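A.B. asks: Structure: run.txt, compact mmCIF, C-alpha atoms.
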# COMPACT_ATOMS: atom_id res chain seq x y z
CA MET A 1 13.47 -34.45 63.64
CA ILE A 2 14.38 -38.06 63.00
CA SER A 3 18.02 -38.88 62.49
CA SER A 4 18.43 -40.66 59.20
CA ASP A 5 21.12 -42.88 60.72
CA VAL A 6 18.63 -44.42 63.11
CA ILE A 7 15.83 -44.98 60.67
CA ARG A 8 18.00 -46.23 57.83
CA GLY A 9 17.68 -49.88 58.75
CA TYR A 10 13.90 -49.59 58.88
CA ASN A 11 13.06 -47.88 55.60
CA ASP A 12 12.72 -51.32 54.07
CA LEU A 13 10.22 -52.29 56.74
CA ILE A 14 8.19 -49.11 56.24
CA ILE A 15 8.01 -49.57 52.47
CA LEU A 16 7.18 -53.26 52.71
CA SER A 17 4.42 -52.61 55.22
CA LEU A 18 2.80 -50.13 52.83
CA LEU A 19 3.15 -52.47 49.87
CA LEU A 20 1.59 -55.20 51.96
CA GLU A 21 -1.66 -53.29 51.79
CA ARG A 22 -1.60 -52.56 48.09
CA PRO A 23 0.87 -52.06 45.24
CA SER A 24 2.03 -48.48 44.94
CA TYR A 25 4.51 -46.18 43.22
CA GLY A 26 7.28 -43.87 44.38
CA TYR A 27 5.43 -40.71 45.22
CA GLY A 28 2.40 -42.66 46.47
CA ILE A 29 4.59 -44.30 49.09
CA SER A 30 6.36 -41.14 50.15
CA LYS A 31 2.97 -39.37 50.45
CA GLN A 32 1.62 -42.16 52.62
CA ILE A 33 4.64 -42.11 54.89
CA ARG A 34 4.28 -38.38 55.35
CA LYS A 35 0.56 -38.71 56.14
CA ILE A 36 0.83 -41.68 58.51
CA THR A 37 3.66 -40.10 60.48
CA ASP A 38 1.91 -36.75 60.49
CA ASP A 39 4.81 -35.03 58.71
CA ARG A 40 7.29 -36.26 61.30
CA TYR A 41 9.11 -38.46 58.82
CA ILE A 42 9.58 -37.31 55.23
CA ILE A 43 11.48 -39.88 53.23
CA LYS A 44 14.02 -38.45 50.81
CA GLU A 45 13.79 -39.29 47.11
CA THR A 46 17.22 -40.90 47.06
CA THR A 47 16.51 -42.94 50.20
CA LEU A 48 13.32 -44.23 48.68
CA TYR A 49 14.94 -45.25 45.42
CA SER A 50 17.96 -46.90 46.97
CA ALA A 51 15.52 -48.91 49.09
CA PHE A 52 13.50 -49.86 46.00
CA ASN A 53 16.66 -50.88 44.23
CA ARG A 54 17.86 -52.95 47.16
CA LEU A 55 14.50 -54.65 47.64
CA LEU A 56 14.25 -55.38 43.92
CA LYS A 57 17.68 -56.96 43.87
CA GLN A 58 16.77 -59.21 46.77
CA GLU A 59 13.47 -59.98 45.04
CA PHE A 60 11.42 -58.83 48.01
CA ILE A 61 9.45 -56.60 45.68
CA GLU A 62 8.86 -56.57 41.96
CA SER A 63 8.21 -53.64 39.66
CA TYR A 64 5.84 -53.32 36.76
CA SER A 65 4.74 -50.36 34.72
CA ASP A 66 1.15 -49.29 34.52
CA ILE A 67 -0.82 -46.23 33.55
CA SER A 68 -1.64 -43.82 36.35
CA PRO A 69 -5.19 -42.44 36.74
CA GLN A 70 -3.83 -39.28 35.12
CA GLY A 71 -2.90 -41.36 32.10
CA ARG A 72 0.86 -41.32 32.58
CA SER A 73 3.07 -44.37 32.53
CA ARG A 74 4.39 -45.11 35.98
CA THR A 75 6.52 -47.73 37.72
CA TYR A 76 4.54 -49.56 40.38
CA TYR A 77 5.88 -51.95 42.98
CA ARG A 78 4.29 -54.97 44.65
CA ILE A 79 5.53 -57.19 47.44
CA SER A 80 6.60 -60.79 46.76
CA SER A 81 6.05 -63.74 49.09
CA SER A 82 9.69 -63.68 50.20
CA GLY A 83 9.14 -59.96 50.81
CA ARG A 84 6.34 -60.82 53.24
CA ASP A 85 8.63 -63.22 55.12
CA TYR A 86 11.33 -60.60 55.23
CA TYR A 87 8.84 -58.04 56.53
CA HIS A 88 7.89 -60.32 59.42
CA GLU A 89 11.54 -60.96 60.22
CA LYS A 90 12.19 -57.22 60.32
CA CYS A 91 9.18 -56.71 62.59
CA GLU A 92 10.56 -59.23 65.05
CA GLU A 93 13.95 -57.61 64.85
CA TRP A 94 12.35 -54.25 65.63
CA GLU A 95 10.50 -55.65 68.66
CA LEU A 96 13.78 -56.91 70.01
CA THR A 97 15.62 -53.68 69.22
CA LYS A 98 12.89 -51.63 70.80
CA ASP A 99 12.94 -53.72 73.98
CA VAL A 100 16.69 -53.55 74.23
CA ILE A 101 16.87 -49.79 73.70
CA ASN A 102 13.98 -49.26 76.09
CA GLN A 103 16.06 -50.82 78.84
CA PHE A 104 18.30 -47.80 78.60
CA ILE A 105 15.63 -45.14 78.41
CA LYS A 106 15.28 -43.39 81.72
CA GLU A 107 12.37 -41.19 82.54
CA MET B 108 9.41 -27.35 36.63
CA ASP B 109 12.47 -26.80 34.43
CA ALA B 110 14.45 -26.11 37.58
CA ILE B 111 13.59 -29.57 38.89
CA ARG B 112 14.44 -31.20 35.58
CA SER B 113 17.82 -29.55 35.33
CA TYR B 114 18.51 -30.30 38.98
CA ILE B 115 17.87 -34.00 38.32
CA ASP B 116 19.95 -33.86 35.12
CA ASN B 117 22.84 -32.44 37.07
CA MET B 118 22.49 -34.95 39.86
CA PHE B 119 22.57 -37.85 37.42
CA ALA B 120 25.31 -36.42 35.22
CA SER B 121 27.98 -38.69 36.66
CA PHE B 122 25.86 -41.85 36.55
CA PRO B 123 26.47 -44.51 33.94
CA ARG B 124 23.64 -44.55 31.45
CA THR B 125 22.21 -47.95 32.18
CA GLU B 126 18.61 -48.91 31.88
CA ALA B 127 18.17 -49.12 35.66
CA VAL B 128 19.62 -45.64 36.13
CA LEU B 129 17.53 -44.07 33.39
CA GLN B 130 14.42 -45.72 34.78
CA ALA B 131 15.13 -44.52 38.32
CA LYS B 132 15.85 -41.04 37.00
CA ALA B 133 12.59 -40.86 35.05
CA ASP B 134 10.59 -42.20 37.98
CA MET B 135 12.16 -39.78 40.43
CA LEU B 136 11.55 -36.87 38.11
CA ALA B 137 7.89 -37.87 37.75
CA ASN B 138 7.56 -38.14 41.55
CA MET B 139 9.15 -34.77 42.09
CA GLU B 140 6.92 -33.16 39.51
CA GLU B 141 3.86 -34.62 41.21
CA LYS B 142 5.12 -33.42 44.56
CA TYR B 143 5.70 -29.98 43.08
CA GLN B 144 2.16 -29.84 41.72
CA GLU B 145 0.84 -30.75 45.12
CA PHE B 146 2.80 -28.00 46.87
CA MET B 147 1.54 -25.55 44.28
CA SER B 148 -2.06 -26.63 44.83
CA GLN B 149 -1.56 -26.14 48.56
CA GLY B 150 -0.83 -22.51 47.81
CA CYS B 151 2.97 -22.47 47.88
CA SER B 152 4.67 -20.15 45.42
CA GLU B 153 6.54 -21.67 42.52
CA TYR B 154 9.85 -20.73 44.08
CA GLU B 155 8.86 -22.22 47.41
CA SER B 156 7.59 -25.43 45.82
CA VAL B 157 10.79 -25.99 43.86
CA GLY B 158 12.81 -25.34 47.01
CA LYS B 159 10.81 -27.82 49.06
CA VAL B 160 10.93 -30.51 46.39
CA ILE B 161 14.68 -30.14 46.03
CA SER B 162 15.25 -30.11 49.77
CA GLU B 163 13.47 -33.45 49.95
CA PHE B 164 15.59 -34.96 47.22
CA GLY B 165 18.27 -36.28 49.57
CA ASN B 166 21.85 -37.25 49.02
CA ILE B 167 22.77 -38.52 45.57
CA ASP B 168 25.71 -40.56 46.91
CA GLU B 169 23.24 -42.82 48.65
CA LEU B 170 21.74 -43.78 45.32
CA LEU B 171 25.09 -43.86 43.58
CA SER B 172 26.47 -46.53 45.87
CA GLU B 173 23.26 -48.51 45.51
CA LEU B 174 23.00 -48.37 41.73
CA LYS B 175 26.57 -48.29 40.59
CA ILE B 176 27.86 -51.59 41.87
CA PRO B 177 26.37 -53.95 39.31
CA VAL B 178 27.10 -51.42 36.61
CA GLN B 179 30.82 -51.31 37.21
CA ALA B 180 30.97 -55.07 37.14
CA THR B 181 29.75 -55.08 33.54
CA HIS B 182 31.63 -51.97 32.47
CA LYS B 183 35.27 -52.90 32.84
CA THR B 184 36.69 -49.46 33.48
CA PRO B 185 34.75 -46.36 34.38
CA LEU B 186 35.17 -43.72 31.73
CA PRO B 187 37.45 -40.81 32.52
CA ASP B 188 36.01 -37.33 32.41
CA ALA B 189 37.71 -36.62 29.10
CA GLN B 190 35.49 -39.14 27.36
CA GLN B 191 32.31 -37.47 28.41
CA VAL B 192 30.88 -35.38 25.62
CA SER B 193 29.27 -32.13 26.69
CA ARG B 194 26.69 -30.23 24.74
CA ASP B 195 29.25 -27.73 23.47
CA GLU B 196 31.49 -30.51 22.24
CA ALA B 197 28.57 -32.27 20.59
CA GLU B 198 27.59 -29.05 18.87
CA SER B 199 31.06 -28.35 17.56
CA TYR B 200 31.45 -31.98 16.45
CA ILE B 201 28.28 -31.71 14.40
CA LYS B 202 29.47 -28.42 12.96
CA SER B 203 32.80 -29.99 11.96
CA MET B 204 31.06 -33.03 10.49
CA LYS B 205 28.88 -30.69 8.43
CA ARG B 206 31.91 -28.83 7.16
CA SER B 207 33.91 -31.96 6.37
CA GLY B 208 30.80 -33.47 4.80
CA LEU B 209 30.62 -30.46 2.54
CA LEU B 210 34.31 -30.85 1.65
CA ARG B 211 33.92 -34.56 0.91
CA ALA B 212 30.80 -33.93 -1.12
CA PHE B 213 32.65 -31.31 -3.14
CA ALA B 214 35.60 -33.67 -3.59
CA VAL B 215 33.45 -36.40 -5.10
CA PHE B 216 31.53 -33.80 -7.09
CA PHE B 217 34.80 -32.50 -8.56
CA ILE B 218 35.97 -35.98 -9.52
CA LEU B 219 32.72 -36.73 -11.29
CA CYS B 220 32.78 -33.34 -13.00
CA GLY B 221 36.37 -33.99 -14.00
CA VAL B 222 35.31 -37.23 -15.64
CA ALA B 223 32.40 -35.42 -17.28
CA ILE B 224 34.65 -32.71 -18.70
CA PHE B 225 37.09 -35.35 -19.82
CA ILE B 226 34.44 -37.33 -21.68
CA PHE B 227 33.04 -34.14 -23.14
CA MET B 228 36.43 -33.06 -24.43
CA LYS B 229 37.04 -36.55 -25.79
CA ALA B 230 34.09 -36.06 -28.08
CA PRO B 231 34.91 -36.56 -31.75
CA SER B 232 35.51 -33.32 -33.51
CA TYR B 233 31.96 -32.82 -34.57
CA ASP B 234 30.65 -29.32 -34.56
CA VAL B 235 28.58 -28.53 -31.58
CA GLU B 236 26.65 -25.57 -32.87
CA TRP B 237 26.01 -23.93 -29.54
CA LEU B 238 29.67 -23.81 -28.61
CA PRO B 239 31.58 -20.66 -29.52
CA PHE B 240 34.57 -22.74 -30.63
CA THR B 241 35.04 -25.89 -32.68
CA LEU B 242 36.23 -29.00 -30.97
CA ASN B 243 39.60 -30.18 -32.12
CA THR B 244 40.23 -33.74 -31.09
CA ASP B 245 43.90 -33.63 -30.09
CA VAL B 246 43.98 -30.30 -28.30
CA ASN B 247 40.76 -30.97 -26.51
CA GLU B 248 41.85 -34.41 -25.44
CA ALA B 249 44.90 -32.87 -23.81
CA TRP B 250 42.74 -30.28 -22.06
CA GLY B 251 40.41 -33.05 -20.94
CA ILE B 252 43.23 -34.97 -19.31
CA VAL B 253 44.60 -31.85 -17.67
CA SER B 254 41.25 -30.90 -16.20
CA LEU B 255 40.53 -34.45 -15.00
CA LEU B 256 43.88 -34.64 -13.22
CA LEU B 257 43.36 -31.17 -11.80
CA MET B 258 39.94 -32.11 -10.44
CA VAL B 259 41.31 -35.32 -8.92
CA ALA B 260 44.15 -33.36 -7.31
CA ILE B 261 41.71 -30.84 -5.81
CA ALA B 262 39.51 -33.71 -4.60
CA VAL B 263 42.40 -35.48 -2.90
CA GLY B 264 43.33 -32.23 -1.20
CA LEU B 265 39.76 -31.75 -0.01
CA PHE B 266 39.58 -35.33 1.30
CA ILE B 267 42.77 -34.94 3.27
CA TYR B 268 41.68 -31.62 4.69
CA ALA B 269 38.25 -32.99 5.61
CA ASN B 270 39.79 -35.90 7.50
CA MET B 271 42.36 -33.72 9.21
CA SER B 272 39.73 -31.32 10.49
CA LEU B 273 38.04 -34.23 12.25
CA GLU B 274 41.21 -35.42 13.91
CA GLU B 275 40.45 -33.68 17.21
CA TYR B 276 37.19 -35.62 17.54
CA LYS B 277 38.90 -39.00 17.36
CA TYR B 278 37.59 -39.86 20.81
CA ILE B 279 34.05 -39.85 19.46
CA LYS B 280 34.34 -43.40 18.24
CA TRP B 281 33.00 -46.05 20.53
CA ASP B 282 33.89 -45.55 24.13
CA PHE B 283 32.34 -42.29 25.24
CA LYS B 284 29.31 -40.99 27.04
CA ILE B 285 27.03 -38.11 26.29
CA LYS B 286 26.45 -35.83 29.23
CA ALA B 287 22.84 -35.69 30.33
CA ASN B 288 22.20 -32.13 29.19
CA ALA B 289 23.58 -32.89 25.73
CA GLN B 290 21.48 -36.02 25.27
CA GLN B 291 18.12 -34.26 25.18
CA TRP B 292 19.41 -31.53 22.90
CA LEU B 293 20.91 -34.09 20.52
CA GLU B 294 17.75 -36.15 20.36
CA ASP B 295 15.71 -33.05 19.62
CA SER B 296 18.01 -31.78 16.90
CA ARG B 297 18.34 -35.22 15.32
CA HIS B 298 14.57 -35.43 15.29
CA LYS B 299 14.39 -32.08 13.49
CA PHE B 300 17.05 -33.19 11.01
CA MET B 301 15.34 -36.52 10.32
CA ARG B 302 12.19 -34.69 9.27
CA TYR B 303 13.79 -33.44 6.07
CA TYR B 304 16.53 -36.05 5.63
CA PRO B 305 14.27 -38.49 3.70
CA LEU B 306 13.38 -35.65 1.32
CA THR B 307 17.04 -35.22 0.41
CA LEU B 308 17.28 -38.96 -0.25
CA ILE B 309 14.18 -38.91 -2.45
CA PHE B 310 15.50 -35.91 -4.36
CA GLY B 311 18.84 -37.67 -4.93
CA VAL B 312 17.20 -40.88 -6.05
CA ILE B 313 14.95 -39.00 -8.47
CA LEU B 314 18.00 -37.28 -9.96
CA CYS B 315 19.75 -40.63 -10.36
CA ILE B 316 16.73 -42.14 -12.06
CA LEU B 317 16.24 -39.17 -14.35
CA ALA B 318 19.91 -38.88 -15.31
CA PRO B 319 20.03 -41.88 -17.70
CA LEU B 320 16.83 -40.60 -19.29
CA LEU B 321 18.94 -37.69 -20.53
CA ILE B 322 20.66 -40.17 -22.84
CA ILE B 323 17.82 -42.53 -23.53
CA LEU B 324 15.09 -40.03 -24.35
CA PRO B 325 16.98 -37.95 -26.95
CA SER B 326 18.19 -41.17 -28.61
CA ILE B 327 14.62 -42.40 -28.93
CA LEU B 328 13.18 -39.09 -30.07
CA HIS B 329 15.63 -38.29 -32.80
CA ASP B 330 18.99 -39.19 -34.15
CA VAL B 331 21.62 -37.80 -31.80
CA GLY B 332 24.47 -39.02 -33.95
CA GLY B 333 27.80 -38.40 -32.25
CA MET B 334 26.17 -36.47 -29.44
CA GLU B 335 26.08 -39.44 -27.06
CA THR B 336 29.32 -38.57 -25.33
CA THR B 337 28.08 -35.05 -24.65
CA LEU B 338 24.91 -36.48 -23.19
CA VAL B 339 26.95 -38.86 -21.06
CA SER B 340 28.88 -35.98 -19.57
CA ILE B 341 25.71 -34.03 -18.83
CA MET B 342 24.30 -37.15 -17.17
CA LEU B 343 27.44 -37.43 -15.06
CA VAL B 344 27.02 -33.86 -13.85
CA VAL B 345 23.43 -34.57 -12.83
CA ILE B 346 24.55 -37.69 -10.96
CA ALA B 347 27.34 -35.64 -9.38
CA VAL B 348 24.72 -33.26 -7.96
CA ALA B 349 22.80 -36.22 -6.50
CA VAL B 350 25.94 -37.77 -5.06
CA PHE B 351 26.96 -34.41 -3.65
CA GLN B 352 23.86 -34.10 -1.54
CA PHE B 353 23.85 -37.81 -0.60
CA ILE B 354 27.30 -37.40 0.89
CA TYR B 355 26.60 -34.07 2.56
CA PHE B 356 23.45 -35.19 4.36
CA ALA B 357 24.79 -38.65 5.16
CA ASN B 358 27.66 -36.96 6.99
CA ILE B 359 25.28 -34.95 9.14
CA LYS B 360 23.23 -38.04 9.91
CA GLU B 361 26.40 -39.92 10.78
CA ALA B 362 27.34 -37.17 13.24
CA TYR B 363 24.04 -37.50 15.09
CA ASP B 364 24.00 -41.29 14.99
CA ARG B 365 27.55 -41.54 16.23
CA LEU B 366 26.92 -39.22 19.14
CA LEU B 367 23.71 -40.95 20.10
CA GLN B 368 25.21 -44.36 19.30
CA TYR B 369 22.27 -45.31 17.16
CA GLY B 370 22.09 -48.11 14.64
CA ASP B 371 25.44 -49.34 13.44
CA TYR B 372 27.30 -46.97 15.71
CA ASN B 373 26.57 -48.84 18.92
CA ARG B 374 28.50 -51.87 17.85
CA GLU B 375 32.14 -51.97 18.66
CA PRO B 376 33.92 -53.26 15.55
CA GLU B 377 33.71 -51.10 12.49
CA ASN B 378 32.82 -53.06 9.40
CA LYS B 379 36.42 -53.60 8.39
CA VAL B 380 35.81 -56.07 5.57
CA LEU B 381 33.59 -53.72 3.63
CA ALA B 382 35.91 -50.79 4.23
CA ILE B 383 38.91 -52.75 2.96
CA VAL B 384 37.08 -54.12 -0.06
CA SER B 385 35.76 -50.75 -1.15
CA SER B 386 39.07 -49.00 -0.59
CA ALA B 387 40.71 -51.55 -2.88
CA VAL B 388 37.97 -51.78 -5.48
CA TRP B 389 37.44 -48.11 -6.29
CA PRO B 390 41.05 -47.20 -7.19
CA LEU B 391 41.18 -50.42 -9.22
CA VAL B 392 38.07 -49.37 -11.09
CA MET B 393 39.63 -45.97 -11.75
CA ILE B 394 42.73 -47.69 -13.17
CA ILE B 395 40.62 -49.93 -15.40
CA PHE B 396 38.69 -46.90 -16.60
CA LEU B 397 41.84 -45.01 -17.48
CA LEU B 398 43.54 -47.99 -19.13
CA ASN B 399 40.43 -48.78 -21.09
CA GLY B 400 40.29 -45.21 -22.28
CA PHE B 401 43.92 -44.49 -23.01
CA LEU B 402 45.01 -47.87 -24.37
CA ALA B 403 41.86 -49.09 -26.04
CA ASP B 404 40.45 -45.63 -26.72
CA ARG B 405 37.03 -46.66 -25.48
CA TRP B 406 36.22 -43.41 -23.73
CA GLY B 407 32.66 -43.47 -24.95
CA THR B 408 31.85 -46.68 -23.10
CA ALA B 409 34.53 -47.05 -20.44
CA TRP B 410 32.56 -44.98 -17.89
CA ILE B 411 29.97 -47.73 -17.62
CA ILE B 412 32.30 -49.44 -15.12
CA PHE B 413 31.42 -46.84 -12.47
CA PRO B 414 27.68 -47.46 -12.21
CA ILE B 415 28.25 -51.22 -12.59
CA THR B 416 30.78 -51.26 -9.77
CA GLY B 417 28.49 -49.10 -7.65
CA LEU B 418 25.67 -51.59 -8.06
CA ALA B 419 27.97 -54.56 -7.50
CA MET B 420 29.27 -52.99 -4.29
CA ALA B 421 25.74 -52.36 -3.08
CA ILE B 422 24.85 -56.01 -3.72
CA PHE B 423 28.03 -57.20 -2.02
CA ASN B 424 27.25 -54.97 0.93
CA ARG B 425 23.75 -56.34 1.33
CA VAL B 426 24.78 -59.97 0.91
CA TYR B 427 27.69 -59.59 3.29
CA ASN B 428 25.52 -57.99 5.96
CA ALA B 429 22.80 -60.58 5.46
CA ILE B 430 25.25 -63.45 5.90
CA LYS B 431 26.84 -61.75 8.88
CA GLY B 432 23.46 -61.04 10.44
CA TYR B 433 22.51 -64.68 9.88
CA LYS B 434 25.67 -65.91 11.59
CA ASP B 435 25.17 -63.60 14.56
Render the structure in this file as structure tokens.
C.D. replies:
Amino acid sequence: MISSDVIRGYNDLIILSLLLERPSYGYGISKQIRKITDDRYIIKETTLYSAFNRLLKQEFIESYSDISPQGRSRTYYRISSSGRDYYHEKCEEWELTKDVINQFIKE
Amino acid sequence: MDAIRSYIDNMFASFPRTEAVLQAKADMLANMEEKYQEFMSQGCSEYESVGKVISEFGNIDELLSELKIPVQATHKTPLPDAQQVSRDEAESYIKSMKRSGLLRAFAVFFILCGVAIFIFMKAPSYDVEWLPFTLNTDVNEAWGIVSLLLMVAIAVGLFIYANMSLEEYKYIKWDFKIKANAQQWLEDSRHKFMRYYPLTLIFGVILCILAPLLIILPSILHDVGGMETTLVSIMLVVIAVAVFQFIYFANIKEAYDRLLQYGDYNREPENKVLAIVSSAVWPLVMIIFLLNGFLADRWGTAWIIFPITGLAMAIFNRVYNAIKGYKD
């Protein structure tokens, strides 16, 4: 079970990395996260939407509404160019964090 | 599915109703419904699916702190709980508006009927064959005045009572919020109401158009000699019926529009100029009507001031709003 405290800072990175591949919508992203992590990380609805809101405000992503294949109107998100830069920054930050923490991990 | 919807409604009950919030709420609900469908298709029971979806909802405070900040900056003070209107309150407000609408409609109806009786009694002492008594000018004039004053007195009483009964809903003016569960119900019931509301308007307008025909047609067809005043009073009664239902249904519509803050009711300042003008004009018109009748004894024609003023006020209203809209 992943502690939400630890992963909090990296929800943005996870979402951005998925949007980097293709634009998506709320449930699409949460489904993908569940699948990629093999059910080990299930993002909460509220976590997802506060991340969307935060990323929108910083203009790292933009939203637009479109019709889903089922014919319903849906809010989709796509990454912006500053969002890509931010994603790469976060990746570097993670590399550093990982290295630092690993120094303290004993077998 | 309803369980998920009401769960979301409850979760968002304390949120300000901004566009961003409503959008997030709708999106989250759609996501959760899709998730629910997927659990169901995987063979989970309905109960289990709802439970899983809700357990994956998360903590609402997380979203609250994220969404609320820009909202509070625009909304000077957060509204206290007292100014949130629940479904029960909305329902009882509409009920009271209906009742006071009925009272107001009756009040105006009585005034118009009073005028009608007055004009009828003022009729010259011709013999109206179908009446069981003969009209005697002096006695009947006195009775006419008495009944007019009586009707006006009853109307004033009704007006005061109608306004007093709405006193407790004073807070439903401008600065209030509808609780989430009341919103949907209100929109649905307004929708139902609006289906037959235009019919009441059409009916009223038809009555108003037909009413003058009551005078015109008989005059064309044959000599009505001396009967005009009687016809005028019958016409007034017909108009009174139309006005009665205009007022009654307009009150119900106002109740819905106020609660949902539709149309004119989402703007802060009430249209004070028009309210002041019409509150000054109508009593003045009444005075002119009475003076014209009592002093100049022109009862047969004095009533014409009412429809003329009504039209003039309508024109003034339109022009004023047009100019104001242009300035804005």
A.B. asks: So, with all atoms listed in the file as the atoms that count, which of B:Ala133, B:Ile322, B:Ile201, B:Ile111 lies closest to B:Phe164?
C.D. replies: B:Ile111
A.B. asks: Report as a CSV table (one decimal) with C-alpha atoms, in the frame of the given file the set of chain B residues whose atoms approach chain A to within 8 Å, with distances computed over all atoms listed in the file.
C.D. replies:
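Once written, out_7.csv looks like this:
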chain,number,residue,atom,x,y,z
B,131,ALA,CA,15.1,-44.5,38.3
B,134,ASP,CA,10.6,-42.2,38.0
B,135,MET,CA,12.2,-39.8,40.4
B,138,ASN,CA,7.6,-38.1,41.6
B,139,MET,CA,9.2,-34.8,42.1
B,141,GLU,CA,3.9,-34.6,41.2
B,142,LYS,CA,5.1,-33.4,44.6
B,163,GLU,CA,13.5,-33.4,50.0
B,164,PHE,CA,15.6,-35.0,47.2
B,165,GLY,CA,18.3,-36.3,49.6
B,166,ASN,CA,21.8,-37.2,49.0
B,167,ILE,CA,22.8,-38.5,45.6
B,169,GLU,CA,23.2,-42.8,48.6
B,170,LEU,CA,21.7,-43.8,45.3
B,173,GLU,CA,23.3,-48.5,45.5
B,174,LEU,CA,23.0,-48.4,41.7
A.B. asks: Can you pull out every residue within 8 Å of stretch 292-297 of chain B, counting only C-alpha atoms, but drop anything in the same chain fewer than 5 positions away, and send it as a PyMOL selection string?
C.D. replies: chain B and resi 194+197+360+363+367
A.B. asks: Have a look at A:Lys90, A:Ser63, A:Asp38, A:Gln58 and name the one nearest to A:Asn11; count only C-alpha atoms.
C.D. replies: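 Among A:Lys90, A:Ser63, A:Asp38, A:Gln58, it is A:Lys90 that comes nearest to A:Asn11.
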A.B. asks: Please, what distance in Å, to one decimal, runs between atom CA of A:Glu95 and atom CA of A:Ser17?
C.D. replies: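 Atom-to-atom, atom CA of A:Glu95 and atom CA of A:Ser17 are spaced 15.1 Å apart.
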A.B. asks: Atom CA of B:Leu308 to atom CA of B:Phe353: how many Å, to one decimal?
C.D. replies: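 So the answer is 6.7 Å.
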